[in-house]
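*Asks:* Sharing target-v3.pdb (PDB, C-alpha atoms) below.
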ATOM      1  CA  MET A   1      82.262 158.429 152.812
ATOM      2  CA  PRO A   2      78.534 159.334 152.345
ATOM      3  CA  LEU A   3      76.276 156.820 154.071
ATOM      4  CA  ARG A   4      74.190 156.207 150.898
ATOM      5  CA  LEU A   5      77.307 155.323 148.905
ATOM      6  CA  LEU A   6      78.417 152.907 151.638
ATOM      7  CA  HIS A   7      75.033 151.129 151.460
ATOM      8  CA  LEU A   8      75.295 150.901 147.659
ATOM      9  CA  LEU A   9      78.758 149.321 147.905
ATOM     10  CA  LYS A  10      77.529 146.761 150.433
ATOM     11  CA  GLU A  11      74.596 145.888 148.159
ATOM     12  CA  LEU A  12      77.004 145.418 145.251
ATOM     13  CA  LEU A  13      79.183 143.095 147.316
ATOM     14  CA  ALA A  14      76.144 141.079 148.336
ATOM     15  CA  LEU A  15      75.252 140.690 144.662
ATOM     16  CA  LEU A  16      78.758 139.477 143.890
ATOM     17  CA  PHE A  17      78.456 136.845 146.604
ATOM     18  CA  ILE A  18      75.286 135.584 144.926
ATOM     19  CA  LEU A  19      76.839 135.472 141.446
ATOM     20  CA  GLY A  20      80.003 133.711 142.537
ATOM     21  CA  SER A  21      83.210 134.868 144.132
ATOM     22  CA  ILE A  22      85.965 137.377 143.316
ATOM     23  CA  SER A  23      88.501 138.758 145.722
ATOM     24  CA  ILE A  24      87.849 142.519 146.126
ATOM     25  CA  PRO A  25      88.811 144.008 149.476
ATOM     26  CA  VAL A  26      86.534 147.024 150.069
ATOM     27  CA  LEU A  27      86.043 148.724 153.423
ATOM     28  CA  GLY A  28      87.361 145.696 155.256
ATOM     29  CA  LEU A  29      84.961 143.335 153.430
ATOM     30  CA  GLN A  30      86.037 140.635 150.967
ATOM     31  CA  ALA A  31      84.119 138.777 148.289
ATOM     32  CA  HIS A  32      85.177 136.057 145.811
ATOM     33  CA  TRP A  33      83.973 135.805 142.262
ATOM     34  CA  THR A  34      84.496 133.024 139.762
ATOM     35  CA  SER A  35      82.489 133.040 136.583
ATOM     36  CA  SER A  36      82.897 129.326 135.826
ATOM     37  CA  PRO A  37      85.199 126.422 136.654
ATOM     38  CA  ALA A  38      88.412 126.778 134.668
ATOM     39  CA  LYS A  39      91.006 124.244 133.622
ATOM     40  CA  PRO A  40      93.936 124.462 136.065
ATOM     41  CA  ARG A  41      96.851 126.372 134.563
ATOM     42  CA  THR A  42      99.659 128.553 135.777
ATOM     43  CA  LEU A  43     100.833 131.761 134.169
ATOM     44  CA  LEU A  44     104.501 132.318 134.837
ATOM     45  CA  GLY A  45     105.608 135.692 133.544
ATOM     46  CA  SER A  46     103.035 138.384 132.876
ATOM     47  CA  SER A  47     105.093 139.837 130.041
ATOM     48  CA  ILE A  48     104.590 136.704 127.926
ATOM     49  CA  SER A  49     101.497 136.531 125.769
ATOM     50  CA  SER A  50      99.329 133.495 126.423
ATOM     51  CA  SER A  51      96.752 131.477 124.575
ATOM     52  CA  THR A  52      93.809 129.425 125.744
ATOM     53  CA  ASN A  53      94.288 126.822 123.019
ATOM     54  CA  ASP A  54      96.486 123.955 124.190
ATOM     55  CA  ASN A  55      97.459 123.168 120.593
ATOM     56  CA  ASP A  56      98.637 126.652 119.709
ATOM     57  CA  ASP A  57     102.042 127.008 118.052
ATOM     58  CA  MET A  58     104.788 127.240 120.652
ATOM     59  CA  SER A  59     106.101 130.415 119.004
ATOM     60  CA  THR A  60     103.760 132.209 121.440
ATOM     61  CA  LEU A  61     106.310 131.224 124.118
ATOM     62  CA  SER A  62     103.914 129.033 126.036
ATOM     63  CA  CYS A  63     103.991 125.282 126.298
ATOM     64  CA  ARG A  64     103.081 122.077 128.045
ATOM     65  CA  ILE A  65     106.012 120.113 129.426
ATOM     66  CA  GLY A  66     106.423 116.412 130.146
ATOM     67  CA  PHE A  67     109.018 114.373 132.049
ATOM     68  CA  ILE A  68     109.468 110.683 131.358
ATOM     69  CA  GLY A  69     111.233 109.569 134.501
ATOM     70  CA  THR A  70     111.108 111.641 137.686
ATOM     71  CA  GLY A  71     114.444 111.427 139.431
ATOM     72  CA  THR A  72     116.656 114.002 141.122
ATOM     73  CA  ILE A  73     117.516 116.021 138.015
ATOM     74  CA  ALA A  74     113.970 115.918 136.644
ATOM     75  CA  SER A  75     112.645 117.120 140.002
ATOM     76  CA  ALA A  76     115.153 119.981 140.005
ATOM     77  CA  ILE A  77     114.146 121.059 136.498
ATOM     78  CA  VAL A  78     110.442 120.892 137.376
ATOM     79  CA  SER A  79     111.011 123.032 140.472
ATOM     80  CA  GLY A  80     112.979 125.564 138.447
ATOM     81  CA  LEU A  81     110.397 125.789 135.664
ATOM     82  CA  ALA A  82     107.527 126.018 138.123
ATOM     83  CA  THR A  83     109.068 128.987 139.920
ATOM     84  CA  GLN A  84     110.665 130.958 137.065
ATOM     85  CA  SER A  85     109.045 134.156 135.821
ATOM     86  CA  SER A  86     110.119 134.391 132.186
ATOM     87  CA  ILE A  87     107.772 132.179 130.203
ATOM     88  CA  GLN A  88     104.290 130.744 130.457
ATOM     89  CA  VAL A  89     104.093 127.080 131.367
ATOM     90  CA  LYS A  90     100.588 125.704 130.940
ATOM     91  CA  SER A  91     101.191 122.348 132.588
ATOM     92  CA  ILE A  92     103.897 119.906 133.662
ATOM     93  CA  ALA A  93     103.245 116.181 133.312
ATOM     94  CA  VAL A  94     105.530 113.818 135.232
ATOM     95  CA  SER A  95     105.934 110.065 135.416
ATOM     96  CA  LYS A  96     104.829 108.412 138.609
ATOM     97  CA  ARG A  97     108.277 106.881 139.165
ATOM     98  CA  SER A  98     109.959 107.689 141.354
ATOM     99  CA  GLU A  99     106.766 107.896 143.345
ATOM    100  CA  SER A 100     108.220 109.847 146.271
ATOM    101  CA  LYS A 101     109.512 112.600 144.001
ATOM    102  CA  SER A 102     106.415 112.816 141.802
ATOM    103  CA  LYS A 103     104.215 112.963 144.902
ATOM    104  CA  TYR A 104     106.355 115.766 146.332
ATOM    105  CA  LEU A 105     106.140 117.769 143.094
ATOM    106  CA  VAL A 106     102.365 117.544 142.768
ATOM    107  CA  GLU A 107     101.960 118.523 146.426
ATOM    108  CA  LYS A 108     104.289 121.488 145.974
ATOM    109  CA  PHE A 109     102.805 122.659 142.651
ATOM    110  CA  PRO A 110      99.236 121.275 142.641
ATOM    111  CA  ASP A 111      97.900 123.670 139.986
ATOM    112  CA  LEU A 112     100.725 122.913 137.570
ATOM    113  CA  VAL A 113     101.993 119.352 138.000
ATOM    114  CA  THR A 114     100.051 116.189 137.134
ATOM    115  CA  VAL A 115     101.316 112.643 137.718
ATOM    116  CA  TYR A 116     100.831 110.051 134.964
ATOM    117  CA  ASP A 117     100.995 106.255 135.155
ATOM    118  CA  ASP A 118     101.163 105.884 131.376
ATOM    119  CA  ASN A 119     103.931 107.408 129.241
ATOM    120  CA  GLN A 120     101.751 107.675 126.143
ATOM    121  CA  SER A 121      99.110 109.696 127.953
ATOM    122  CA  LEU A 122     101.846 111.902 129.359
ATOM    123  CA  VAL A 123     103.272 112.562 125.886
ATOM    124  CA  ASN A 124      99.818 113.255 124.469
ATOM    125  CA  ASP A 125      99.410 116.068 126.990
ATOM    126  CA  ALA A 126     102.813 117.684 126.460
ATOM    127  CA  ASP A 127     104.740 119.588 123.782
ATOM    128  CA  ILE A 128     108.318 119.435 125.085
ATOM    129  CA  ILE A 129     109.330 116.036 126.470
ATOM    130  CA  PHE A 130     112.319 115.642 128.792
ATOM    131  CA  LEU A 131     113.648 112.090 128.861
ATOM    132  CA  THR A 132     115.310 111.247 132.192
ATOM    133  CA  VAL A 133     115.400 107.453 132.340
ATOM    134  CA  LEU A 134     118.314 105.056 132.830
ATOM    135  CA  PRO A 135     120.513 104.464 129.744
ATOM    136  CA  GLN A 136     119.423 100.830 129.429
ATOM    137  CA  GLN A 137     115.761 101.893 129.402
ATOM    138  CA  THR A 138     116.044 104.568 126.702
ATOM    139  CA  LYS A 139     115.414 102.480 123.598
ATOM    140  CA  SER A 140     112.470 100.448 124.915
ATOM    141  CA  VAL A 141     110.788 103.507 126.434
ATOM    142  CA  LEU A 142     111.021 105.565 123.242
ATOM    143  CA  GLU A 143     109.897 102.706 120.991
ATOM    144  CA  SER A 144     106.783 102.196 123.132
ATOM    145  CA  ILE A 145     105.583 105.783 122.582
ATOM    146  CA  LYS A 146     103.937 107.353 119.547
ATOM    147  CA  PHE A 147     105.253 110.894 119.129
ATOM    148  CA  ASP A 148     103.774 113.664 116.983
ATOM    149  CA  GLY A 149     106.517 115.000 114.727
ATOM    150  CA  SER A 150     104.549 118.160 113.987
ATOM    151  CA  ARG A 151     104.626 119.427 117.575
ATOM    152  CA  HIS A 152     106.831 117.344 119.887
ATOM    153  CA  LEU A 153     110.370 118.226 120.933
ATOM    154  CA  LEU A 154     112.398 115.512 122.674
ATOM    155  CA  VAL A 155     115.142 116.573 125.093
ATOM    156  CA  SER A 156     117.241 113.683 126.388
ATOM    157  CA  LEU A 157     119.164 113.955 129.642
ATOM    158  CA  VAL A 158     120.442 110.395 129.283
ATOM    159  CA  SER A 159     124.209 110.911 129.328
ATOM    160  CA  THR A 160     125.025 108.063 126.950
ATOM    161  CA  SER A 161     122.279 108.769 124.407
ATOM    162  CA  GLU A 162     123.171 109.805 120.859
ATOM    163  CA  LEU A 163     121.083 112.021 118.612
ATOM    164  CA  GLY A 164     120.934 109.439 115.822
ATOM    165  CA  ASP A 165     119.660 106.709 118.124
ATOM    166  CA  LEU A 166     117.118 109.045 119.714
ATOM    167  CA  CYS A 167     115.831 109.931 116.253
ATOM    168  CA  GLU A 168     115.551 106.291 115.205
ATOM    169  CA  ASP A 169     113.938 105.068 118.420
ATOM    170  CA  SER A 170     111.417 107.908 118.735
ATOM    171  CA  GLY A 171     110.558 108.318 115.068
ATOM    172  CA  LEU A 172     110.876 112.093 115.440
ATOM    173  CA  PRO A 173     112.678 114.230 112.834
ATOM    174  CA  LYS A 174     116.250 115.116 113.741
ATOM    175  CA  ASP A 175     115.444 118.816 114.125
ATOM    176  CA  SER A 176     113.042 117.929 116.949
ATOM    177  CA  ILE A 177     115.638 116.170 119.122
ATOM    178  CA  TYR A 178     118.148 117.584 121.597
ATOM    179  CA  LYS A 179     120.564 116.364 124.239
ATOM    180  CA  MET A 180     120.914 118.272 127.494
ATOM    181  CA  ILE A 181     122.776 118.076 130.775
ATOM    182  CA  CYS A 182     122.479 120.180 133.927
ATOM    183  CA  LEU A 183     123.044 120.095 137.676
ATOM    184  CA  PRO A 184     120.438 120.295 140.474
ATOM    185  CA  ALA A 185     121.104 124.029 140.994
ATOM    186  CA  VAL A 186     118.623 124.719 138.176
ATOM    187  CA  ALA A 187     115.929 124.251 140.826
ATOM    188  CA  SER A 188     116.831 127.694 142.174
ATOM    189  CA  HIS A 189     117.693 129.179 138.744
ATOM    190  CA  ASP A 190     121.403 129.120 139.598
ATOM    191  CA  GLY A 191     122.501 126.430 137.166
ATOM    192  CA  VAL A 192     123.466 126.279 133.537
ATOM    193  CA  CYS A 193     122.088 123.930 130.887
ATOM    194  CA  LEU A 194     124.351 122.360 128.277
ATOM    195  CA  LEU A 195     122.472 121.697 125.020
ATOM    196  CA  THR A 196     123.186 120.241 121.609
ATOM    197  CA  PRO A 197     122.590 120.794 118.750
ATOM    198  CA  PRO A 198     122.339 124.596 118.817
ATOM    199  CA  VAL A 199     118.742 125.746 118.442
ATOM    200  CA  PRO A 200     118.127 127.001 114.881
ATOM    201  CA  THR A 201     116.386 130.358 114.627
ATOM    202  CA  SER A 202     113.628 128.808 112.532
ATOM    203  CA  SER A 203     113.203 125.720 114.713
ATOM    204  CA  HIS A 204     109.626 124.830 115.652
ATOM    205  CA  GLY A 205     109.489 125.202 119.406
ATOM    206  CA  GLY A 206     113.222 125.881 119.657
ATOM    207  CA  GLU A 207     112.698 129.447 120.789
ATOM    208  CA  THR A 208     110.502 128.216 123.607
ATOM    209  CA  LEU A 209     112.953 125.493 124.644
ATOM    210  CA  LYS A 210     115.853 127.929 124.742
ATOM    211  CA  ALA A 211     113.840 130.437 126.776
ATOM    212  CA  LEU A 212     112.930 127.706 129.260
ATOM    213  CA  LEU A 213     116.548 126.710 129.739
ATOM    214  CA  GLN A 214     117.678 130.309 130.049
ATOM    215  CA  SER A 215     115.127 130.761 132.824
ATOM    216  CA  LEU A 216     116.914 128.029 134.801
ATOM    217  CA  GLY A 217     120.105 130.085 134.974
ATOM    218  CA  GLY A 218     121.535 130.032 131.476
ATOM    219  CA  VAL A 219     122.229 127.801 128.504
ATOM    220  CA  VAL A 220     125.415 126.909 126.628
ATOM    221  CA  GLU A 221     124.866 125.435 123.169
ATOM    222  CA  ALA A 222     127.489 122.886 122.138
ATOM    223  CA  GLY A 223     128.207 122.925 118.427
ATOM    224  CA  SER A 224     128.276 119.131 118.168
ATOM    225  CA  GLU A 225     127.902 115.948 120.187
ATOM    226  CA  ASP A 226     131.691 115.676 120.397
ATOM    227  CA  GLU A 227     131.961 119.161 121.864
ATOM    228  CA  MET A 228     129.151 118.389 124.287
ATOM    229  CA  SER A 229     130.926 115.219 125.446
ATOM    230  CA  VAL A 230     134.009 117.263 126.331
ATOM    231  CA  MET A 231     131.948 119.897 128.134
ATOM    232  CA  MET A 232     130.035 117.233 130.058
ATOM    233  CA  VAL A 233     133.213 116.450 131.972
ATOM    234  CA  THR A 234     132.681 119.621 134.001
ATOM    235  CA  THR A 235     129.315 118.319 135.201
ATOM    236  CA  GLY A 236     131.107 115.209 136.482
ATOM    237  CA  LEU A 237     133.278 117.249 138.837
ATOM    238  CA  MET A 238     130.556 118.230 141.298
ATOM    239  CA  GLY A 239     131.470 115.341 143.600
ATOM    240  CA  SER A 240     135.139 116.293 143.350
ATOM    241  CA  PHE A 241     134.319 119.862 144.351
ATOM    242  CA  TYR A 242     132.377 118.689 147.388
ATOM    243  CA  GLY A 243     135.246 116.341 148.204
ATOM    244  CA  ILE A 244     137.620 119.328 148.324
ATOM    245  CA  LEU A 245     135.245 121.148 150.668
ATOM    246  CA  LYS A 246     134.999 118.082 152.888
ATOM    247  CA  ASN A 247     138.771 117.718 152.941
ATOM    248  CA  ASN A 248     139.174 121.380 153.952
ATOM    249  CA  ARG A 249     136.556 120.996 156.707
ATOM    250  CA  ASP A 250     138.035 117.765 158.032
ATOM    251  CA  TRP A 251     141.514 119.320 158.165
ATOM    252  CA  LEU A 252     140.134 122.190 160.250
ATOM    253  CA  VAL A 253     138.445 119.718 162.586
ATOM    254  CA  ARG A 254     141.725 117.817 163.027
ATOM    255  CA  GLN A 255     143.296 121.127 164.089
ATOM    256  CA  GLY A 256     140.703 121.462 166.847
ATOM    257  CA  VAL A 257     138.044 123.616 165.156
ATOM    258  CA  PRO A 258     134.471 122.545 166.105
ATOM    259  CA  VAL A 259     132.829 120.811 163.132
ATOM    260  CA  GLU A 260     129.871 123.228 163.031
ATOM    261  CA  LYS A 261     132.170 126.241 162.748
ATOM    262  CA  ALA A 262     134.412 124.477 160.230
ATOM    263  CA  SER A 263     131.510 123.466 157.996
ATOM    264  CA  PHE A 264     129.970 126.939 158.012
ATOM    265  CA  LEU A 265     133.294 128.661 157.390
ATOM    266  CA  VAL A 266     134.259 126.422 154.471
ATOM    267  CA  GLY A 267     130.848 126.593 152.813
ATOM    268  CA  ARG A 268     130.623 130.372 153.013
ATOM    269  CA  GLN A 269     134.203 131.034 151.968
ATOM    270  CA  TYR A 270     134.014 128.801 148.911
ATOM    271  CA  ARG A 271     130.673 130.386 148.062
ATOM    272  CA  ALA A 272     132.356 133.795 148.054
ATOM    273  CA  MET A 273     135.055 132.489 145.721
ATOM    274  CA  VAL A 274     132.510 130.992 143.330
ATOM    275  CA  LEU A 275     130.432 134.178 143.318
ATOM    276  CA  ASP A 276     133.534 136.177 142.411
ATOM    277  CA  ALA A 277     134.291 133.820 139.531
ATOM    278  CA  ASP A 278     130.650 133.745 138.434
ATOM    279  CA  SER A 279     130.481 137.528 138.241
ATOM    280  CA  ARG A 280     133.271 137.481 135.649
ATOM    281  CA  CYS A 281     132.655 134.204 133.837
ATOM    282  CA  SER A 282     131.698 135.896 130.560
ATOM    283  CA  ASN A 283     135.282 137.148 130.359
ATOM    284  CA  PRO A 284     137.472 134.403 128.788
ATOM    285  CA  THR A 285     140.527 135.503 130.812
ATOM    286  CA  ALA A 286     138.690 135.933 134.119
ATOM    287  CA  PHE A 287     140.279 132.981 135.904
ATOM    288  CA  GLU A 288     143.809 134.062 134.986
ATOM    289  CA  GLU A 289     142.990 137.541 136.236
ATOM    290  CA  LEU A 290     141.668 136.188 139.535
ATOM    291  CA  ILE A 291     144.879 134.220 140.019
ATOM    292  CA  ASP A 292     146.985 137.291 139.203
ATOM    293  CA  GLU A 293     145.066 139.283 141.821
ATOM    294  CA  GLN A 294     146.410 137.119 144.633
ATOM    295  CA  THR A 295     148.896 138.975 146.844
ATOM    296  CA  PRO A 296     152.491 138.302 145.714
ATOM    297  CA  GLY A 297     154.143 136.173 148.362
ATOM    298  CA  GLY A 298     150.810 135.734 150.161
ATOM    299  CA  LEU A 299     149.071 132.604 151.356
ATOM    300  CA  ASN A 300     146.926 132.141 148.238
ATOM    301  CA  GLU A 301     149.872 132.398 145.880
ATOM    302  CA  GLN A 302     151.797 129.963 148.093
ATOM    303  CA  GLY A 303     148.920 127.488 148.163
ATOM    304  CA  LEU A 304     148.617 127.399 144.360
ATOM    305  CA  SER A 305     152.384 127.113 143.965
ATOM    306  CA  ASN A 306     152.474 124.132 146.317
ATOM    307  CA  LEU A 307     149.624 122.412 144.443
ATOM    308  CA  ASN A 308     151.511 122.826 141.186
ATOM    309  CA  GLN A 309     154.720 121.545 142.769
ATOM    310  CA  LEU A 310     152.910 118.434 143.990
ATOM    311  CA  GLY A 311     151.369 117.887 140.550
ATOM    312  CA  ALA A 312     147.836 118.154 141.953
ATOM    313  CA  LEU A 313     146.478 120.068 138.953
ATOM    314  CA  GLU A 314     148.076 117.589 136.544
ATOM    315  CA  MET A 315     146.313 114.831 138.478
ATOM    316  CA  TYR A 316     143.074 116.766 138.035
ATOM    317  CA  ASP A 317     143.674 116.672 134.273
ATOM    318  CA  LYS A 318     144.019 112.890 134.456
ATOM    319  CA  VAL A 319     140.692 112.704 136.289
ATOM    320  CA  GLN A 320     139.047 114.759 133.554
ATOM    321  CA  ASP A 321     140.624 112.621 130.828
ATOM    322  CA  ALA A 322     139.259 109.483 132.477
ATOM    323  CA  LEU A 323     135.765 110.962 132.752
ATOM    324  CA  LEU A 324     135.818 111.855 129.067
ATOM    325  CA  GLU A 325     136.869 108.320 128.122
ATOM    326  CA  ARG A 326     133.909 106.988 130.098
ATOM    327  CA  ILE A 327     131.516 109.427 128.416
ATOM    328  CA  LEU A 328     132.848 108.360 125.002
ATOM    329  CA  GLY A 329     132.496 104.693 125.927
ATOM    330  CA  LYS A 330     136.240 104.055 125.651
ATOM    331  CA  SER A 331     136.658 102.873 129.247
ATOM    332  CA  ASP A 332     134.815 102.630 132.540
ATOM    333  CA  GLY A 333     136.561 105.806 133.731
ATOM    334  CA  THR A 334     138.765 104.050 136.258
ATOM    335  CA  LEU A 335     142.361 105.275 136.495
ATOM    336  CA  LYS A 336     144.847 102.494 135.951
TER     337      LYS A 336
END
Output the file's structure as C-alpha cells, nothing else.
*Replies:*
Amino acid sequence: MPLRLLHLLKELLALLFILGSISIPVLGLQAHWTSSPAKPRTLLGSSISSSTNDNDDMSTLSCRIGFIGTGTIASAIVSGLATQSSIQVKSIAVSKRSESKSKYLVEKFPDLVTVYDDNQSLVNDADIIFLTVLPQQTKSVLESIKFDGSRHLLVSLVSTSELGDLCEDSGLPKDSIYKMICLPAVASHDGVCLLTPPVPTSSHGGETLKALLQSLGGVVEAGSEDEMSVMMVTTGLMGSFYGILKNNRDWLVRQGVPVEKASFLVGRQYRAMVLDADSRCSNPTAFEELIDEQTPGGLNEQGLSNLNQLGALEMYDKVQDALLERILGKSDGTLK
C-alpha cells in the first residue's frame, strides 16, 4: 500500500478516536465509535424490521416482554426468547422473585433483562405479559395491576387459571388473554408451547405472540379450554418419562453395569428414539409406523408384547385419566 495512503488512514483513525469509538479493524489497528449513549436494546433476528418507538404497534413483530413471577418455567422461556433469532425483542422485564433466578437472568443477558421490584412498573414497561405465579396468588396479583387494554396481552401459565377469571381479574378484553403451557426445553428452542384460544389473524399483537412461541420450538393451538386441559396431561408425564429412564438405568446397574456407563447409555439411546419420533411427528400415523418397523420376533416387538400382556399401557391410561381429573378440579389426581 502507498505510504501516503497509509498515513491518511492512520490520521482518519486518530480522528475517529477523538470523536468517539467504532470498531473498525484496519491494518491491525482498531478504533471504537459511538455517536451518543443509546438505550440498551437487543435486536434478535436481522430479517425483522424494527422501530425505535417503544409504543409502536406490535404488528412490526417487535415487542417488550414482561414476566410476573420468575420461576423455573419463566426462566426457561426468558432464556429461549433471549437467544432465538426470529423476532426482535426490545426488552424483557422480570419480577425479582425468585431472586436467585432473576439475578442469574440479568447477569446472563444484561443488555436485555431488567429486574423489577414492583409489578405495576414491570407491566408499564412491557407489551406481552407472562403470568407465572402460584394458583392461589393469581387473583390478588392481577387485581393489584392496572393493565392497558389497548396494548397489553396477558399470557397465563398458571395451570388452574380459566380465561373468564383472568379477564375479570385483569380487566383486559377477552381477546387479549391467553393460556399457555410448556416444558423447560423451550430454553434451547426444543420445546413446544400449548396455547388457547387460537390466535385470530386480526388479533392485536397475536401475530407477535405466535411468532415468539414458534421461536421456542413450536406452538400447538388448542381450540378450547377443554381441549387444552386434555392436552396438558402430556406435559404432566415428564416425571414419568424420567422415571422410566431411571428404572432402565437402575436395572442395568443391578446387572453389574457401572452407573456412569448405564446412565450415558440410557440417556443417549432414549434420545435417539425421541429424535426418530420427532422427525416424523407431523405424520398422524408415525407412531404406529415406528412400532410396525420393529423386527418381527425381535427384542423390541417382544418387549412391547410383554408390556401389553402385563397391562402396563392400560395402567398408563389410568395415570393420564387421573391427571386430567386433577386438571379439571374433579380430584387431587391420586389413584384410589
*Asks:* Set out as JSON lines a contact list for region 157-239 of chain A and region 60-83 of chain A with a cut-off of 10 Å, giving each residue of region 157-239 of chain A that qualifies its closest atom pair and distance in Å to one decimal, counting only C-alpha atoms, ordered by chain and rising residue number.
*Replies:*
{"residue": "A:Leu157", "atom": "CA", "partner": "A:Ile73", "partner_atom": "CA", "distance": 8.8}
{"residue": "A:Ile181", "atom": "CA", "partner": "A:Ile73", "partner_atom": "CA", "distance": 9.2}
{"residue": "A:Cys182", "atom": "CA", "partner": "A:Ile73", "partner_atom": "CA", "distance": 7.7}
{"residue": "A:Leu183", "atom": "CA", "partner": "A:Ile73", "partner_atom": "CA", "distance": 6.9}
{"residue": "A:Pro184", "atom": "CA", "partner": "A:Ala76", "partner_atom": "CA", "distance": 5.3}
{"residue": "A:Ala185", "atom": "CA", "partner": "A:Ala76", "partner_atom": "CA", "distance": 7.3}
{"residue": "A:Val186", "atom": "CA", "partner": "A:Gly80", "partner_atom": "CA", "distance": 5.7}
{"residue": "A:Ala187", "atom": "CA", "partner": "A:Gly80", "partner_atom": "CA", "distance": 4.0}
{"residue": "A:Ser188", "atom": "CA", "partner": "A:Gly80", "partner_atom": "CA", "distance": 5.8}
{"residue": "A:His189", "atom": "CA", "partner": "A:Gly80", "partner_atom": "CA", "distance": 5.9}
{"residue": "A:Asp190", "atom": "CA", "partner": "A:Gly80", "partner_atom": "CA", "distance": 9.2}
{"residue": "A:Gly191", "atom": "CA", "partner": "A:Gly80", "partner_atom": "CA", "distance": 9.6}
{"residue": "A:Gly205", "atom": "CA", "partner": "A:Leu61", "partner_atom": "CA", "distance": 8.3}
{"residue": "A:Gly206", "atom": "CA", "partner": "A:Leu61", "partner_atom": "CA", "distance": 9.8}
{"residue": "A:Glu207", "atom": "CA", "partner": "A:Leu61", "partner_atom": "CA", "distance": 7.4}
{"residue": "A:Thr208", "atom": "CA", "partner": "A:Leu61", "partner_atom": "CA", "distance": 5.2}
{"residue": "A:Leu209", "atom": "CA", "partner": "A:Leu61", "partner_atom": "CA", "distance": 8.8}
{"residue": "A:Ala211", "atom": "CA", "partner": "A:Leu61", "partner_atom": "CA", "distance": 8.0}
{"residue": "A:Leu212", "atom": "CA", "partner": "A:Leu81", "partner_atom": "CA", "distance": 7.1}
{"residue": "A:Leu213", "atom": "CA", "partner": "A:Leu81", "partner_atom": "CA", "distance": 8.6}
{"residue": "A:Ser215", "atom": "CA", "partner": "A:Leu81", "partner_atom": "CA", "distance": 7.4}
{"residue": "A:Leu216", "atom": "CA", "partner": "A:Gly80", "partner_atom": "CA", "distance": 5.9}
{"residue": "A:Gly217", "atom": "CA", "partner": "A:Gly80", "partner_atom": "CA", "distance": 9.1}
*Asks:* What separation in Å, quoted to one decimal, exists between CA of His152 (chain A) and CA of Pro110 (chain A)?
*Replies:*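 Spanning CA of His152 (chain A) to CA of Pro110 (chain A) is a straight-line distance of 24.3 Å.
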*Asks:* Considering all atoms listed in the file, return as a PyMOL selection string whatever protein or nucleic-acid residues lie within 10 Å of Val253 (chain A), sequence-local ones (same chain, fewer than 6 positions apart) excluded.
*Replies:* chain A and resi 247+259-263
*Asks:* How would the residues just chosen look if you wrote them out with C-alpha atoms as an mmCIF file, in the coordinates of the input?
*Replies:*
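Contents of again34.cif, freshly written:
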data_model
loop_
_atom_site.group_PDB
_atom_site.id
_atom_site.type_symbol
_atom_site.label_atom_id
_atom_site.label_comp_id
_atom_site.auth_asym_id
_atom_site.auth_seq_id
_atom_site.Cartn_x
_atom_site.Cartn_y
_atom_site.Cartn_z
ATOM 1 C CA ASN A 247 138.771 117.718 152.941
ATOM 2 C CA VAL A 259 132.829 120.811 163.132
ATOM 3 C CA GLU A 260 129.871 123.228 163.031
ATOM 4 C CA LYS A 261 132.170 126.241 162.748
ATOM 5 C CA ALA A 262 134.412 124.477 160.230
ATOM 6 C CA SER A 263 131.510 123.466 157.996
#
*Asks:* List, as an mmCIF file with C-alpha atoms, keeping the file's coordinate frame, every residue that the PyMOL selection byres ((chain A and resi 175) around 9) selects in the file provided.
*Replies:*
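Contents of part.cif, freshly written:
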data_model
loop_
_atom_site.group_PDB
_atom_site.id
_atom_site.type_symbol
_atom_site.label_atom_id
_atom_site.label_comp_id
_atom_site.auth_asym_id
_atom_site.auth_seq_id
_atom_site.Cartn_x
_atom_site.Cartn_y
_atom_site.Cartn_z
ATOM 1 C CA LEU A 153 110.370 118.226 120.933
ATOM 2 C CA LEU A 172 110.876 112.093 115.440
ATOM 3 C CA PRO A 173 112.678 114.230 112.834
ATOM 4 C CA LYS A 174 116.250 115.116 113.741
ATOM 5 C CA SER A 176 113.042 117.929 116.949
ATOM 6 C CA ILE A 177 115.638 116.170 119.122
ATOM 7 C CA TYR A 178 118.148 117.584 121.597
ATOM 8 C CA PRO A 197 122.590 120.794 118.750
ATOM 9 C CA VAL A 199 118.742 125.746 118.442
ATOM 10 C CA PRO A 200 118.127 127.001 114.881
ATOM 11 C CA SER A 203 113.203 125.720 114.713
ATOM 12 C CA HIS A 204 109.626 124.830 115.652
#
*Asks:* Rounded to one decimal place, report the CA of Glu225 (chain A)-CA of Glu325 (chain A) distance in Å.
*Replies:*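 Calculated distance between CA of Glu225 (chain A) and CA of Glu325 (chain A) is 14.2 Å.
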*Asks:* Given only C-alpha atoms as the basis, pick out the residue of A:Ile291, A:Ala286, A:Leu245, A:Ile145 nearest to Ser121 (chain A).
*Replies:*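 Selected residue with least distance to Ser121 (chain A): A:Ile145.
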*Asks:* Give me, please, the distance in Å between CA of Tyr116 (chain A) and CA of Val94 (chain A), quoted to one decimal.
*Replies:*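 Separation of CA of Tyr116 (chain A) and CA of Val94 (chain A): 6.0 Å.
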*Asks:* Quick one: residues within 6 Å of region 134-144 of chain A, all atoms listed in the file, excluding same-chain residues fewer than 3 positions away - as a list in words?
*Replies:*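 So, after excluding close chain neighbours, the residues are Val158, Asp169 and Ser170 of chain A.
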*Asks:* Centre and edge lengths of an axis-aligned box around all listed atoms of region 161-168 of chain A, with 4 Å added on each side, are to be given in Å to one decimal, as lines of an AutoDock Vina configuration file.
*Replies:*
center_x = 119.4
center_y = 109.2
center_z = 119.8
size_x = 15.6
size_y = 13.7
size_z = 17.2
